[in-house]
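Worksheet: one structure, shown below.
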Amino acid sequence: MAREPLSVVVTTFNNADTIEACLASVHFADDILVLDSGSTDTTRDIAAHAGARVDVKPFAGYSAQKQAAIDLALHRWVLLLDSDEALPAAAAERVCRALESPDVAGFELLRREWVFWRWQSDRARLNHYVRLFDRTRARMSGHEVHESIVVDGPVRRLDAVIDHYGERDIEGRVDKANRYSSLQVHDRRTRTPRHLRLRMVVYPTVAFLRYYLWRGHWRGGWAGFVAARVHAFYAFLKYAKLYELRVSGRLRLGASLRDEGRDE
């Protein structure tokens with residue numbers, strides 16, 4: 001049975017180490033669009049060599065950049081990937097099958113995380129995100145960080161897993177926690193939550209336990225433990241920076257709004 005034509009869209013910035021594997025995993029797509037935000041490495045050359053259409057746009061924020069990429073897609077159905085993600089063969093088959101007669105406006109896909117030096121345990125909880133969607137019925141959420149696809153219509157979850165390579169070391173994960181926490185504060189600067197000092201004390205422990213125990217990352221050995229600790233630190237930074245903003249009235253974003261980096 002013929003399927004709906006598919007556009008794959010990817011946003012990039014200095015992702016020469018991951019973009020080739022990302023694009024190779026979606027070779028079956030009818031259209032591949034890479035929107036780069038000014039890479040100084042060979043990202044654009046690699047993407048063009050892989051057969052992708054390559055466009056360049058100064059980074060406008062995670063959500064706005066991805067929406068710009070979606071708007072450049074040639075087809076109605078879009079698969080949104082990050083530059084450090086890849087679609088295994090089994091997931092590609094399920095995506096193609098879902099597009100044979102799509103009866104919803106979007107599909108959620110699961111995501112498996114590379115945690116420093118190993119894949120997360122198969123028995124840990126996988127995050128799930130809308131990544132395959134009818135772009136005439138969907139849009140980016142507009143958040144500065146942890147942006148998502150908002151779908152006008154029903155959504156169904158596919159039994160398809162995206163491999164996410166993310167940060168390869170602890171330093172990269174901590175840097176990301178620092179950058180993303182500043183962006184979250186920028187997102188919430190006009191609606192600061194109450195009891196910030198109590199949240200700074202309590203919530204990091206709650207975040208650690210939820211990530212490590214409830215989501216099952218304890219099954220990932222020391223990699224899971226370290227990731228849970230960094231996640232707790234991220235939770236602490238969000239509230240500490242909100243408190244700093246409240247008492248000083250200043251928020252320093254540095255280069256975080258200009259650096260496309262890698263998504264969660």
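The chains in the structure tokens are called A, B, ... from first to last as shown; in each chain the residues are counted from 1, and the ligands are counted from 1 in the order shown.
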
**Asked** Which parts of segment 33-171 of chain A does DSSP call helix (DSSP H, G or I) when run on the backbone here, written out as a ChimeraX atom specification?
**Response** /A:43-49,62-71,89-98,135-137,170-171

Export of prior selection with N, CA and C atoms as a CSV table (one decimal), in the first residue's frame:
```csv
chain,number,residue,atom,x,y,z
A,43,THR,N,29.2,20.4,9.1
A,43,THR,CA,27.8,19.9,9.2
A,43,THR,C,27.1,20.1,7.9
A,44,ARG,N,27.1,21.2,7.3
A,44,ARG,CA,26.3,21.5,6.1
A,44,ARG,C,26.9,20.7,4.9
A,45,ASP,N,28.2,20.5,4.8
A,45,ASP,CA,28.7,19.7,3.7
A,45,ASP,C,28.3,18.3,3.8
A,46,ILE,N,28.3,17.7,5.0
A,46,ILE,CA,27.9,16.4,5.3
A,46,ILE,C,26.5,16.2,4.9
A,47,ALA,N,25.6,17.1,5.3
A,47,ALA,CA,24.2,17.0,5.0
A,47,ALA,C,23.9,17.1,3.5
A,48,ALA,N,24.6,18.0,2.8
A,48,ALA,CA,24.4,18.1,1.4
A,48,ALA,C,24.9,16.8,0.7
A,49,HIS,N,26.0,16.3,1.1
A,49,HIS,CA,26.5,15.0,0.5
A,49,HIS,C,25.5,13.9,0.8
A,62,TYR,N,15.1,27.6,20.3
A,62,TYR,CA,14.9,26.2,19.9
A,62,TYR,C,13.5,26.1,19.2
A,63,SER,N,12.5,26.6,19.8
A,63,SER,CA,11.1,26.4,19.2
A,63,SER,C,11.0,27.1,17.9
A,64,ALA,N,11.4,28.4,17.8
A,64,ALA,CA,11.2,29.1,16.6
A,64,ALA,C,12.1,28.5,15.5
A,65,GLN,N,13.3,28.0,15.8
A,65,GLN,CA,14.1,27.4,14.8
A,65,GLN,C,13.5,26.2,14.2
A,66,LYS,N,12.9,25.3,15.1
A,66,LYS,CA,12.3,24.1,14.6
A,66,LYS,C,11.0,24.4,13.8
A,67,GLN,N,10.3,25.4,14.2
A,67,GLN,CA,9.1,25.8,13.4
A,67,GLN,C,9.5,26.3,12.1
A,68,ALA,N,10.6,27.0,12.0
A,68,ALA,CA,11.0,27.5,10.7
A,68,ALA,C,11.4,26.3,9.8
A,69,ALA,N,12.0,25.3,10.4
A,69,ALA,CA,12.4,24.1,9.6
A,69,ALA,C,11.1,23.4,9.1
A,70,ILE,N,10.1,23.2,10.0
A,70,ILE,CA,8.9,22.6,9.6
A,70,ILE,C,8.2,23.3,8.5
A,71,ASP,N,8.2,24.7,8.5
A,71,ASP,CA,7.6,25.5,7.5
A,71,ASP,C,8.3,25.3,6.1
A,89,ALA,N,16.1,0.7,12.1
A,89,ALA,CA,15.4,0.2,11.0
A,89,ALA,C,14.0,-0.3,11.4
A,90,ALA,N,13.8,-0.9,12.5
A,90,ALA,CA,12.5,-1.3,13.0
A,90,ALA,C,11.6,-0.1,13.1
A,91,ALA,N,12.1,1.0,13.7
A,91,ALA,CA,11.3,2.2,13.9
A,91,ALA,C,10.9,2.8,12.5
A,92,ALA,N,11.8,2.8,11.6
A,92,ALA,CA,11.6,3.3,10.2
A,92,ALA,C,10.4,2.6,9.6
A,93,GLU,N,10.4,1.2,9.7
A,93,GLU,CA,9.4,0.4,9.1
A,93,GLU,C,8.0,0.8,9.7
A,94,ARG,N,8.0,1.0,11.0
A,94,ARG,CA,6.7,1.3,11.7
A,94,ARG,C,6.2,2.7,11.3
A,95,VAL,N,7.1,3.7,11.1
A,95,VAL,CA,6.8,5.0,10.6
A,95,VAL,C,6.1,4.9,9.3
A,96,CYS,N,6.8,4.1,8.4
A,96,CYS,CA,6.2,4.0,7.0
A,96,CYS,C,4.9,3.3,7.0
A,97,ARG,N,4.7,2.3,7.9
A,97,ARG,CA,3.4,1.6,8.0
A,97,ARG,C,2.3,2.6,8.5
A,98,ALA,N,2.7,3.4,9.5
A,98,ALA,CA,1.7,4.3,10.0
A,98,ALA,C,1.2,5.3,9.0
A,135,ARG,N,1.6,18.5,9.5
A,135,ARG,CA,2.1,19.9,9.9
A,135,ARG,C,0.9,20.9,9.7
A,136,THR,N,-0.1,20.6,8.9
A,136,THR,CA,-1.2,21.5,8.8
A,136,THR,C,-2.1,21.5,10.1
A,137,ARG,N,-1.8,20.6,11.0
A,137,ARG,CA,-2.6,20.5,12.2
A,137,ARG,C,-1.7,20.5,13.5
A,170,ILE,N,30.0,13.6,31.2
A,170,ILE,CA,29.3,14.3,32.3
A,170,ILE,C,29.5,15.8,32.1
A,171,GLU,N,30.6,16.2,31.6
A,171,GLU,CA,30.8,17.7,31.4
A,171,GLU,C,29.8,18.3,30.5
```

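Compared by their closest atoms to Leu198 of chain A, and using only C-alpha atoms, the residues A:Ala240, A:Ala232, A:Ala177, A:Leu79 rank with A:Ala240 nearest.
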
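The gap separating atom CA of Val34 of chain A from atom CA of Gly106 of chain A is 21.2 Å, in Å to one decimal.
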
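Here atom CA of Arg125 of chain A stands at a distance of 7.9 Å from atom CA of His217 of chain A.
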
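Residue neighbourhood of Thr18 of chain A, excluding near-sequence residues (fewer than 6 positions): A:Thr43, A:Ser83, A:Asp84, A:Glu85, A:Ala86, A:Tyr165, at 9 Å, using only C-alpha atoms.
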
Selection export as a compact mmCIF listing (two decimals), in the first residue's frame, atoms kept: all heavy atoms:
```txt
# COMPACT_ATOMS: atom_id res chain seq x y z
N THR A 43 29.22 20.38 9.09
CA THR A 43 27.84 19.90 9.18
C THR A 43 27.09 20.06 7.87
O THR A 43 26.46 19.11 7.36
CB THR A 43 27.08 20.64 10.30
OG1 THR A 43 27.69 20.34 11.56
CG2 THR A 43 25.62 20.21 10.34
N SER A 83 19.58 16.52 15.68
CA SER A 83 20.77 16.12 14.93
C SER A 83 21.54 15.00 15.60
O SER A 83 22.38 14.36 14.97
CB SER A 83 21.69 17.33 14.74
OG SER A 83 22.04 17.87 16.00
N ASP A 84 21.29 14.75 16.89
CA ASP A 84 21.98 13.66 17.59
C ASP A 84 21.04 12.47 17.83
O ASP A 84 21.24 11.70 18.75
CB ASP A 84 22.57 14.15 18.91
CG ASP A 84 21.53 14.80 19.82
OD1 ASP A 84 20.37 14.93 19.40
OD2 ASP A 84 21.89 15.18 20.94
N GLU A 85 20.02 12.35 16.98
CA GLU A 85 19.11 11.22 17.04
C GLU A 85 19.19 10.40 15.75
O GLU A 85 19.57 10.92 14.70
CB GLU A 85 17.67 11.70 17.24
CG GLU A 85 17.43 12.39 18.56
CD GLU A 85 16.03 12.94 18.70
OE1 GLU A 85 15.38 13.20 17.67
OE2 GLU A 85 15.59 13.13 19.84
N ALA A 86 18.80 9.15 15.85
CA ALA A 86 18.76 8.28 14.68
C ALA A 86 17.56 7.35 14.81
O ALA A 86 17.14 7.00 15.92
CB ALA A 86 20.05 7.47 14.54
N TYR A 165 21.61 10.08 21.15
CA TYR A 165 22.98 9.96 21.63
C TYR A 165 23.35 11.06 22.62
O TYR A 165 24.22 10.87 23.46
CB TYR A 165 23.95 9.92 20.44
CG TYR A 165 23.80 8.65 19.66
CD1 TYR A 165 22.91 8.56 18.59
CD2 TYR A 165 24.50 7.51 20.02
CE1 TYR A 165 22.74 7.38 17.89
CE2 TYR A 165 24.34 6.32 19.33
CZ TYR A 165 23.45 6.26 18.26
OH TYR A 165 23.29 5.09 17.58
```

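In this comparison, which uses only C-alpha atoms, the residue of A:Leu242, A:Val130, A:Val161, A:Met1 approaching Arg194 of chain A most closely is A:Leu242.
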
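Summary of the local environment: counting only C-alpha atoms, residues at most 8 Å from Leu81 of chain A, other than itself and those fewer than 5 positions away along its chain, are Val8, Val9, Val10, Thr11, Ala86 and Arg131 of chain A.
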
**Fill in**
Between atom CA of Ala24 of chain A and atom CA of Asp175 of chain A lies a distance of 28.3 Å
